[in-house]
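Raw contents of target_21.json, JSON, C-alpha atoms:
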```
[["chain", "number", "residue", "atom", "x", "y", "z"],
["A", 1, "MET", "CA", 63.06, -141.77, -117.10],
["A", 2, "SER", "CA", 61.24, -138.69, -118.46],
["A", 3, "ILE", "CA", 59.23, -138.56, -121.66],
["A", 4, "GLU", "CA", 61.82, -136.17, -123.16],
["A", 5, "THR", "CA", 64.56, -138.79, -122.87],
["A", 6, "GLU", "CA", 62.45, -141.84, -123.83],
["A", 7, "LEU", "CA", 60.65, -140.64, -126.96],
["A", 8, "THR", "CA", 62.65, -140.88, -130.17],
["A", 9, "LEU", "CA", 62.21, -139.24, -133.56],
["A", 10, "LYS", "CA", 61.70, -142.67, -135.11],
["A", 11, "GLN", "CA", 58.77, -143.30, -132.75],
["A", 12, "LEU", "CA", 57.24, -139.89, -133.49],
["A", 13, "ARG", "CA", 57.53, -140.48, -137.23],
["A", 14, "ALA", "CA", 55.72, -143.81, -136.85],
["A", 15, "PHE", "CA", 52.98, -142.18, -134.79],
["A", 16, "VAL", "CA", 52.44, -139.40, -137.36],
["A", 17, "ALA", "CA", 52.50, -141.83, -140.30],
["A", 18, "VAL", "CA", 49.93, -144.16, -138.71],
["A", 19, "TYR", "CA", 47.73, -141.20, -137.73],
["A", 20, "ARG", "CA", 47.72, -139.85, -141.31],
["A", 21, "LEU", "CA", 47.43, -143.18, -143.15],
["A", 22, "GLY", "CA", 45.35, -145.20, -140.70],
["A", 23, "LYS", "CA", 47.05, -148.51, -141.55],
["A", 24, "LEU", "CA", 50.20, -150.19, -140.36],
["A", 25, "SER", "CA", 50.97, -151.45, -143.86],
["A", 26, "ALA", "CA", 50.76, -148.01, -145.44],
["A", 27, "ALA", "CA", 52.86, -146.48, -142.64],
["A", 28, "ALA", "CA", 55.44, -149.24, -143.01],
["A", 29, "ASP", "CA", 55.73, -148.58, -146.75],
["A", 30, "GLU", "CA", 56.17, -144.86, -146.18],
["A", 31, "LEU", "CA", 58.84, -145.38, -143.50],
["A", 32, "SER", "CA", 60.55, -148.26, -145.37],
["A", 33, "VAL", "CA", 60.26, -150.64, -142.41],
["A", 34, "THR", "CA", 58.19, -153.73, -141.63],
["A", 35, "GLN", "CA", 54.65, -153.65, -140.23],
["A", 36, "SER", "CA", 55.87, -155.34, -137.05],
["A", 37, "ALA", "CA", 58.46, -152.55, -136.62],
["A", 38, "VAL", "CA", 55.76, -149.88, -136.93],
["A", 39, "SER", "CA", 53.52, -151.76, -134.49],
["A", 40, "MET", "CA", 56.39, -151.97, -131.99],
["A", 41, "LEU", "CA", 57.17, -148.26, -132.34],
["A", 42, "ILE", "CA", 53.53, -147.34, -131.68],
["A", 43, "ARG", "CA", 53.46, -149.57, -128.58],
["A", 44, "GLN", "CA", 56.61, -147.87, -127.34],
["A", 45, "VAL", "CA", 55.05, -144.43, -127.75],
["A", 46, "GLU", "CA", 51.89, -145.56, -125.93],
["A", 47, "GLN", "CA", 53.93, -147.05, -123.09],
["A", 48, "THR", "CA", 55.98, -143.88, -122.75],
["A", 49, "LEU", "CA", 52.90, -141.65, -122.75],
["A", 50, "ASN", "CA", 50.95, -144.17, -120.66],
["A", 51, "THR", "CA", 47.92, -143.88, -122.92],
["A", 52, "THR", "CA", 46.27, -145.53, -125.91],
["A", 53, "LEU", "CA", 46.77, -143.66, -129.17],
["A", 54, "PHE", "CA", 44.83, -145.88, -131.57],
["A", 55, "ASP", "CA", 41.78, -148.12, -131.30],
["A", 56, "ARG", "CA", 42.53, -151.18, -133.38],
["A", 57, "THR", "CA", 39.85, -152.50, -135.73],
["A", 58, "THR", "CA", 40.02, -155.19, -138.38],
["A", 59, "ARG", "CA", 40.44, -152.65, -141.17],
["A", 60, "ARG", "CA", 42.31, -149.63, -139.74],
["A", 61, "LEU", "CA", 43.65, -147.87, -136.66],
["A", 62, "ALA", "CA", 41.35, -145.14, -135.37],
["A", 63, "PRO", "CA", 43.04, -142.26, -133.49],
["A", 64, "THR", "CA", 41.87, -141.80, -129.89],
["A", 65, "ARG", "CA", 41.29, -138.42, -128.24],
["A", 66, "ALA", "CA", 44.81, -138.67, -126.82],
["A", 67, "ALA", "CA", 46.19, -139.06, -130.33],
["A", 68, "GLU", "CA", 44.20, -136.03, -131.49],
["A", 69, "ASP", "CA", 45.72, -134.00, -128.64],
["A", 70, "ALA", "CA", 49.28, -135.23, -129.34],
["A", 71, "ILE", "CA", 49.43, -135.10, -133.14],
["A", 72, "GLY", "CA", 49.95, -131.33, -133.40],
["A", 73, "VAL", "CA", 52.89, -131.41, -131.00],
["A", 74, "ALA", "CA", 54.46, -134.40, -132.76],
["A", 75, "GLU", "CA", 54.16, -132.76, -136.18],
["A", 76, "ARG", "CA", 55.70, -129.51, -134.88],
["A", 77, "ILE", "CA", 58.65, -131.42, -133.41],
["A", 78, "LEU", "CA", 59.28, -133.27, -136.66],
["A", 79, "GLY", "CA", 58.85, -130.04, -138.62],
["A", 80, "ASP", "CA", 61.36, -128.22, -136.42],
["A", 81, "VAL", "CA", 63.86, -131.05, -136.82],
["A", 82, "SER", "CA", 63.38, -130.96, -140.59],
["A", 83, "THR", "CA", 63.94, -127.20, -140.63],
["A", 84, "LEU", "CA", 67.03, -127.58, -138.48],
["A", 85, "GLY", "CA", 68.41, -130.18, -140.86],
["A", 86, "LYS", "CA", 67.71, -127.98, -143.88],
["A", 87, "ASN", "CA", 69.40, -125.01, -142.24],
["A", 88, "PHE", "CA", 72.52, -127.03, -141.54],
["A", 89, "ARG", "CA", 72.52, -128.38, -145.08],
["A", 90, "ASP", "CA", 72.20, -124.84, -146.42],
["A", 91, "LEU", "CA", 75.07, -123.72, -144.20],
["A", 92, "ALA", "CA", 77.20, -126.63, -145.35],
["A", 93, "LEU", "CA", 76.44, -125.83, -149.00],
["A", 94, "GLY", "CA", 76.96, -122.11, -148.47],
["A", 95, "SER", "CA", 73.45, -121.21, -149.65],
["A", 96, "GLN", "CA", 72.97, -119.23, -146.45],
["A", 97, "GLY", "CA", 75.25, -117.95, -143.75],
["A", 98, "ARG", "CA", 77.50, -114.97, -143.04],
["A", 99, "VAL", "CA", 80.87, -113.62, -144.13],
["A", 100, "HIS", "CA", 82.37, -111.06, -141.73],
["A", 101, "ILE", "CA", 85.66, -109.51, -142.83],
["A", 102, "ALA", "CA", 88.14, -107.12, -141.23],
["A", 103, "ALA", "CA", 89.95, -104.76, -143.60],
["A", 104, "THR", "CA", 91.43, -101.30, -143.37],
["A", 105, "PRO", "CA", 89.64, -98.70, -145.51],
["A", 106, "ALA", "CA", 92.48, -98.66, -148.06],
["A", 107, "THR", "CA", 92.35, -102.43, -148.51],
["A", 108, "ALA", "CA", 88.55, -102.39, -148.68],
["A", 109, "ALA", "CA", 88.63, -99.68, -151.35],
["A", 110, "THR", "CA", 91.24, -101.39, -153.52],
["A", 111, "VAL", "CA", 90.59, -105.11, -153.04],
["A", 112, "LEU", "CA", 86.96, -105.55, -151.99],
["A", 113, "THR", "CA", 85.01, -103.13, -154.16],
["A", 114, "ARG", "CA", 84.32, -105.44, -157.12],
["A", 115, "ILE", "CA", 83.87, -108.68, -155.20],
["A", 116, "ALA", "CA", 81.50, -107.06, -152.70],
["A", 117, "HIS", "CA", 78.90, -106.42, -155.39],
["A", 118, "ARG", "CA", 79.39, -109.71, -157.23],
["A", 119, "PHE", "CA", 79.31, -111.85, -154.09],
["A", 120, "SER", "CA", 76.19, -110.17, -152.69],
["A", 121, "ALA", "CA", 74.41, -110.55, -156.03],
["A", 122, "THR", "CA", 75.43, -114.20, -156.41],
["A", 123, "TYR", "CA", 74.68, -115.30, -152.84],
["A", 124, "GLU", "CA", 71.71, -113.21, -151.76],
["A", 125, "ASN", "CA", 71.07, -115.32, -148.64],
["A", 126, "ILE", "CA", 74.59, -114.87, -147.27],
["A", 127, "ASP", "CA", 75.09, -111.79, -145.10],
["A", 128, "PHE", "CA", 78.24, -109.94, -146.19],
["A", 129, "VAL", "CA", 79.75, -107.60, -143.60],
["A", 130, "ILE", "CA", 82.97, -105.55, -143.84],
["A", 131, "ASN", "CA", 84.48, -104.11, -140.67],
["A", 132, "ASP", "CA", 86.53, -101.22, -142.08],
["A", 133, "CYS", "CA", 88.79, -100.92, -139.09],
["A", 134, "ALA", "CA", 91.79, -98.84, -138.13],
["A", 135, "PRO", "CA", 95.18, -100.55, -138.63],
["A", 136, "ASN", "CA", 95.67, -101.00, -134.88],
["A", 137, "GLN", "CA", 92.33, -102.83, -134.65],
["A", 138, "PHE", "CA", 92.88, -105.28, -137.52],
["A", 139, "LEU", "CA", 94.66, -108.10, -135.70],
["A", 140, "SER", "CA", 92.57, -107.71, -132.55],
["A", 141, "LEU", "CA", 89.33, -108.26, -134.48],
["A", 142, "ILE", "CA", 90.70, -111.52, -135.88],
["A", 143, "GLN", "CA", 92.27, -112.66, -132.60],
["A", 144, "THR", "CA", 89.06, -112.14, -130.61],
["A", 145, "GLU", "CA", 86.97, -113.76, -133.38],
["A", 146, "ARG", "CA", 84.77, -110.74, -133.88],
["A", 147, "VAL", "CA", 85.29, -111.35, -137.61],
["A", 148, "ASP", "CA", 85.75, -114.55, -139.59],
["A", 149, "PHE", "CA", 89.04, -113.42, -141.14],
["A", 150, "GLY", "CA", 90.91, -110.36, -142.31],
["A", 151, "ILE", "CA", 92.29, -109.18, -145.64],
["A", 152, "GLY", "CA", 95.38, -107.01, -145.36],
["A", 153, "ALA", "CA", 99.11, -106.80, -144.80],
["A", 154, "PRO", "CA", 100.42, -109.75, -142.79],
["A", 155, "PRO", "CA", 101.60, -109.04, -139.24],
["A", 156, "ASP", "CA", 105.30, -108.97, -138.40],
["A", 157, "ASN", "CA", 104.75, -111.86, -135.96],
["A", 158, "SER", "CA", 102.36, -114.42, -137.40],
["A", 159, "GLY", "CA", 102.46, -116.83, -134.46],
["A", 160, "ASP", "CA", 98.74, -116.53, -133.65],
["A", 161, "PHE", "CA", 97.65, -116.28, -137.29],
["A", 162, "LEU", "CA", 97.65, -118.22, -140.53],
["A", 163, "LEU", "CA", 98.52, -116.26, -143.66],
["A", 164, "ARG", "CA", 97.67, -116.93, -147.30],
["A", 165, "PRO", "CA", 99.17, -114.35, -149.68],
["A", 166, "ILE", "CA", 96.81, -113.27, -152.45],
["A", 167, "LEU", "CA", 98.57, -110.32, -154.11],
["A", 168, "ALA", "CA", 101.38, -107.80, -153.75],
["A", 169, "ASP", "CA", 100.96, -104.06, -154.34],
["A", 170, "LYS", "CA", 103.99, -101.96, -155.31],
["A", 171, "MET", "CA", 104.72, -98.95, -153.12],
["A", 172, "ARG", "CA", 104.65, -95.60, -154.91],
["A", 173, "LEU", "CA", 105.57, -92.03, -154.10],
["A", 174, "ALA", "CA", 102.59, -89.69, -154.26],
["A", 175, "PHE", "CA", 102.68, -85.90, -154.28],
["A", 176, "ALA", "CA", 100.88, -82.82, -155.58],
["A", 177, "ARG", "CA", 101.20, -81.43, -159.08],
["A", 178, "GLY", "CA", 103.98, -78.93, -159.50],
["A", 179, "HIS", "CA", 106.46, -80.72, -157.25],
["A", 180, "PRO", "CA", 109.98, -80.95, -158.77],
["A", 181, "PHE", "CA", 109.69, -84.76, -158.73],
["A", 182, "GLU", "CA", 106.92, -84.52, -161.32],
["A", 183, "ALA", "CA", 109.50, -84.19, -164.10],
["A", 184, "ARG", "CA", 111.12, -87.52, -163.19],
["A", 185, "GLU", "CA", 109.98, -90.98, -164.25],
["A", 186, "THR", "CA", 111.21, -92.73, -161.10],
["A", 187, "ILE", "CA", 112.26, -91.65, -157.62],
["A", 188, "ARG", "CA", 115.00, -93.31, -155.60],
["A", 189, "TRP", "CA", 114.45, -93.84, -151.91],
["A", 190, "ARG", "CA", 117.57, -91.88, -151.07],
["A", 191, "ASP", "CA", 116.12, -88.90, -152.97],
["A", 192, "LEU", "CA", 113.62, -88.56, -150.12],
["A", 193, "ASP", "CA", 116.33, -87.22, -147.81],
["A", 194, "GLY", "CA", 115.14, -83.86, -146.47],
["A", 195, "GLN", "CA", 111.72, -84.14, -148.11],
["A", 196, "PRO", "CA", 108.62, -83.62, -145.92],
["A", 197, "LEU", "CA", 106.88, -86.98, -145.56],
["A", 198, "ILE", "CA", 103.33, -87.82, -144.57],
["A", 199, "ALA", "CA", 103.89, -90.94, -142.48],
["A", 200, "PHE", "CA", 101.67, -93.49, -140.82],
["A", 201, "ARG", "CA", 101.60, -93.77, -137.07],
["A", 202, "PRO", "CA", 103.84, -96.58, -135.79],
["A", 203, "SER", "CA", 101.89, -99.71, -134.82],
["A", 204, "GLN", "CA", 102.16, -103.48, -134.79],
["A", 205, "TYR", "CA", 100.42, -103.58, -138.16],
["A", 206, "GLY", "CA", 100.68, -101.66, -141.41],
["A", 207, "VAL", "CA", 103.34, -100.23, -143.70],
["A", 208, "ARG", "CA", 105.14, -97.84, -141.34],
["A", 209, "ASN", "CA", 107.65, -100.43, -140.13],
["A", 210, "MET", "CA", 108.40, -101.48, -143.71],
["A", 211, "ILE", "CA", 108.97, -97.88, -144.84],
["A", 212, "ASP", "CA", 111.17, -97.06, -141.84],
["A", 213, "ALA", "CA", 113.29, -100.15, -142.51],
["A", 214, "VAL", "CA", 113.88, -99.21, -146.16],
["A", 215, "LEU", "CA", 114.74, -95.59, -145.30],
["A", 216, "ALA", "CA", 117.21, -96.77, -142.70],
["A", 217, "GLU", "CA", 118.73, -99.22, -145.20],
["A", 218, "VAL", "CA", 119.44, -96.44, -147.74],
["A", 219, "GLY", "CA", 120.67, -94.07, -145.05],
["A", 220, "VAL", "CA", 117.80, -91.58, -145.06],
["A", 221, "THR", "CA", 116.55, -90.01, -141.85],
["A", 222, "PRO", "CA", 112.87, -89.31, -142.54],
["A", 223, "LYS", "CA", 111.58, -85.77, -142.14],
["A", 224, "ILE", "CA", 108.06, -86.40, -140.85],
["A", 225, "SER", "CA", 105.78, -83.44, -141.51],
["A", 226, "HIS", "CA", 102.51, -85.21, -140.63],
["A", 227, "GLU", "CA", 101.48, -88.53, -139.09],
["A", 228, "VAL", "CA", 98.17, -90.13, -140.01],
["A", 229, "GLY", "CA", 96.28, -93.30, -139.20],
["A", 230, "PHE", "CA", 94.96, -94.23, -142.65],
["A", 231, "LEU", "CA", 96.52, -94.64, -146.08],
["A", 232, "GLY", "CA", 93.62, -92.78, -147.67],
["A", 233, "THR", "CA", 94.27, -89.77, -145.45],
["A", 234, "ALA", "CA", 97.91, -89.70, -146.53],
["A", 235, "ALA", "CA", 96.80, -89.79, -150.19],
["A", 236, "TRP", "CA", 94.50, -86.77, -150.03],
["A", 237, "MET", "CA", 96.95, -84.81, -147.87],
["A", 238, "ALA", "CA", 99.63, -85.40, -150.50],
["A", 239, "THR", "CA", 97.22, -84.13, -153.14],
["A", 240, "THR", "CA", 96.97, -80.80, -151.30],
["A", 241, "GLY", "CA", 100.77, -80.38, -151.17],
["A", 242, "LEU", "CA", 101.23, -81.02, -147.46],
["A", 243, "GLY", "CA", 104.03, -83.50, -148.12],
["A", 244, "LEU", "CA", 105.02, -86.68, -149.91],
["A", 245, "ALA", "CA", 103.24, -89.94, -149.19],
["A", 246, "ILE", "CA", 104.46, -93.49, -149.76],
["A", 247, "ILE", "CA", 101.34, -95.52, -150.54],
["A", 248, "PRO", "CA", 100.36, -98.70, -152.41],
["A", 249, "ASP", "CA", 99.88, -98.31, -156.14],
["A", 250, "ALA", "CA", 96.26, -99.52, -156.17],
["A", 251, "LEU", "CA", 95.26, -96.79, -153.72],
["A", 252, "ALA", "CA", 97.33, -94.18, -155.55],
["A", 253, "GLN", "CA", 95.49, -94.90, -158.81],
["A", 254, "ILE", "CA", 92.17, -94.06, -157.14],
["A", 255, "HIS", "CA", 93.42, -90.59, -156.21],
["A", 256, "ILE", "CA", 95.11, -89.72, -159.53],
["A", 257, "LEU", "CA", 91.83, -88.28, -160.81],
["A", 258, "ASN", "CA", 91.89, -85.89, -157.85],
["A", 259, "GLY", "CA", 95.22, -84.43, -158.92],
["A", 260, "LEU", "CA", 97.66, -86.80, -157.25],
["A", 261, "VAL", "CA", 100.95, -87.43, -159.07],
["A", 262, "VAL", "CA", 102.39, -90.93, -158.67],
["A", 263, "ARG", "CA", 105.88, -92.18, -159.40],
["A", 264, "PRO", "CA", 107.61, -95.55, -158.89],
["A", 265, "LEU", "CA", 109.99, -95.79, -155.94],
["A", 266, "VAL", "CA", 113.18, -97.65, -156.86],
["A", 267, "GLU", "CA", 116.50, -98.72, -155.42],
["A", 268, "PRO", "CA", 114.95, -100.73, -153.90],
["A", 269, "GLU", "CA", 111.51, -101.44, -155.34],
["A", 270, "ILE", "CA", 109.28, -102.85, -152.60],
["A", 271, "THR", "CA", 105.77, -104.24, -152.45],
["A", 272, "ARG", "CA", 103.07, -104.32, -149.83],
["A", 273, "PRO", "CA", 101.88, -107.93, -149.49],
["A", 274, "ILE", "CA", 98.18, -108.58, -149.01],
["A", 275, "SER", "CA", 97.12, -111.81, -147.34],
["A", 276, "ILE", "CA", 94.09, -113.62, -146.03],
["A", 277, "VAL", "CA", 94.68, -113.56, -142.28],
["A", 278, "THR", "CA", 92.87, -116.07, -140.08],
["A", 279, "LYS", "CA", 93.22, -117.03, -136.46],
["A", 280, "ARG", "CA", 95.29, -120.16, -136.06],
["A", 281, "GLY", "CA", 93.07, -123.15, -135.25],
["A", 282, "ARG", "CA", 89.84, -121.59, -136.50],
["A", 283, "SER", "CA", 88.04, -123.19, -139.44],
["A", 284, "LEU", "CA", 86.29, -121.07, -142.02],
["A", 285, "SER", "CA", 82.64, -121.69, -142.84],
["A", 286, "PRO", "CA", 81.47, -122.83, -146.30],
["A", 287, "SER", "CA", 80.16, -119.30, -146.87],
["A", 288, "CYS", "CA", 83.61, -117.85, -146.20],
["A", 289, "GLN", "CA", 85.17, -120.39, -148.53],
["A", 290, "LEU", "CA", 82.76, -119.40, -151.30],
["A", 291, "PHE", "CA", 83.86, -115.80, -150.83],
["A", 292, "LEU", "CA", 87.57, -116.67, -150.94],
["A", 293, "ASP", "CA", 87.09, -118.82, -154.04],
["A", 294, "MET", "CA", 85.43, -115.89, -155.79],
["A", 295, "LEU", "CA", 88.17, -113.51, -154.59],
["A", 296, "ASP", "CA", 90.85, -115.81, -156.05],
["A", 297, "GLU", "CA", 88.95, -115.88, -159.34],
["A", 298, "ILE", "CA", 88.70, -112.07, -159.50],
["A", 299, "ILE", "CA", 92.35, -111.51, -158.58],
["A", 300, "ALA", "CA", 93.42, -113.94, -161.28],
["A", 301, "GLN", "CA", 91.67, -111.79, -163.87],
["A", 302, "PRO", "CA", 93.57, -108.74, -165.21],
["A", 303, "ASP", "CA", 92.56, -105.22, -164.26],
["A", 304, "THR", "CA", 90.10, -106.25, -161.56],
["A", 305, "VAL", "CA", 91.97, -105.11, -158.47],
["A", 306, "GLY", "CA", 93.35, -101.62, -158.16]]
```

Go through the file and emit its structure as structure tokens.
Amino acid sequence: MSIETELTLKQLRAFVAVYRLGKLSAAADELSVTQSAVSMLIRQVEQTLNTTLFDRTTRRLAPTRAAEDAIGVAERILGDVSTLGKNFRDLALGSQGRVHIAATPATAATVLTRIAHRFSATYENIDFVINDCAPNQFLSLIQTERVDFGIGAPPDNSGDFLLRPILADKMRLAFARGHPFEARETIRWRDLDGQPLIAFRPSQYGVRNMIDAVLAEVGVTPKISHEVGFLGTAAWMATTGLGLAIIPDALAQIHILNGLVVRPLVEPEITRPISIVTKRGRSLSPSCQLFLDMLDEIIAQPDTVG
């Protein structure tokens, strides 16, 4: 057998302790074993290395030249093992690590803004990364494990994913100032018949399917004036008067200061659910769990999201 497979950490610890302390009794006390156990461990190391490490006298053990040559290597090995153990303990405790999230820009702007700063300030040794992806990239990033998890609208088919709802955002109608709808407190879905809409491109993910289903339910054939890929794009286009946009309330509130008019959509009133989306069968790290615990705390507080 090779030295790599025969030497153990216990033997190396005994060698280093005897080298530093010079006595079997002192080494035994430090290692919490008997003197005979330390003596046996040293003999095992010497047999494995095929050399004498200590000259035995009546009062102490004197390191040989071979011991002088080996001590540096042994201490480095034990130091590396100690560092490895500390790193894993830190990972387990969440005091270091990484949190990598997928979120569309609209979700990032409305859900992640406050927690991003607080989490980074609280856990300085945890890398916090947001992949602000397009809607058609969201599920793929989670499925291929390029991110730890996603925060966004749940997919229509959740077979490959686990979902944990965290909040629901009411859908609103957004338009430019001066539109006739501005005089009304609420807008019914069927009132959108014939109105130019800024719609989102159809995909396997996002709000387009939900909006199309509601319009069909109330008997409205949508008049699509523009198609966009991002909720934020629909919001600013509505501000300029290019059409009406149906967007989540939290995002709409951000754009009100830019001149956007927002009204509730009723009959029916619908919400856009936001969930933690993870790949089925994948465990989250302690760092990710710390993030989700903080997110739950922030969402539970009033006026912190949106």

Fill in: Counting only C-alpha atoms, the residue of A:Ala108, A:Leu24, A:Val261, A:Asp132 that sits nearest Arg184 in chain A
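Of all the options, A:Val261 lies closest to Arg184 in chain A.
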
Discussion item. Counting all atoms listed in the file, which residue out of A:His100, A:Arg20, A:Lys170, A:Arg43 sits closest to Cys288 in chain A?
Written reply: A:His100

Worksheet item: What's the 9 Å shell around Val277 in chain A, counting only C-alpha atoms, without same-chain residues fewer than 3 positions away, as a PyMOL selection string?
Response: chain A and resi 139+142+149-155+161-165

Worksheet entry | Within 12 Å of Thr240 in chain A using only C-alpha atoms, minus same-chain residues under 3 positions, as a PyMOL selection string | chain A and resi 174-179+198+233-237+243-245+255+258-261

Kindly export the residues of the current selection with C-alpha atoms, as a short mmCIF file (atom, residue, chain, number, x, y, z; two decimals), in the coordinates of the input.
```
data_model
loop_
_atom_site.label_atom_id
_atom_site.label_comp_id
_atom_site.auth_asym_id
_atom_site.auth_seq_id
_atom_site.Cartn_x
_atom_site.Cartn_y
_atom_site.Cartn_z
CA ALA A 174 102.59 -89.69 -154.26
CA PHE A 175 102.68 -85.90 -154.28
CA ALA A 176 100.88 -82.82 -155.58
CA ARG A 177 101.20 -81.43 -159.08
CA GLY A 178 103.98 -78.93 -159.50
CA HIS A 179 106.46 -80.72 -157.25
CA ILE A 198 103.33 -87.82 -144.57
CA THR A 233 94.27 -89.77 -145.45
CA ALA A 234 97.91 -89.70 -146.53
CA ALA A 235 96.80 -89.79 -150.19
CA TRP A 236 94.50 -86.77 -150.03
CA MET A 237 96.95 -84.81 -147.87
CA GLY A 243 104.03 -83.50 -148.12
CA LEU A 244 105.02 -86.68 -149.91
CA ALA A 245 103.24 -89.94 -149.19
CA HIS A 255 93.42 -90.59 -156.21
CA ASN A 258 91.89 -85.89 -157.85
CA GLY A 259 95.22 -84.43 -158.92
CA LEU A 260 97.66 -86.80 -157.25
CA VAL A 261 100.95 -87.43 -159.07
#
```

Worksheet, complete the sentence: Using all atoms listed in the file, the best pick from A:Tyr123, A:Ser82, A:Ile166, A:Thr278 as closest to Leu141 in chain A would be A:Thr278

Discussion item. With distances taken over all atoms listed in the file, which residue among A:Gly72, A:His226, A:Lys23, A:Arg172 lies nearest Thr57 in chain A?
Written reply: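 Closest candidate: A:Lys23.
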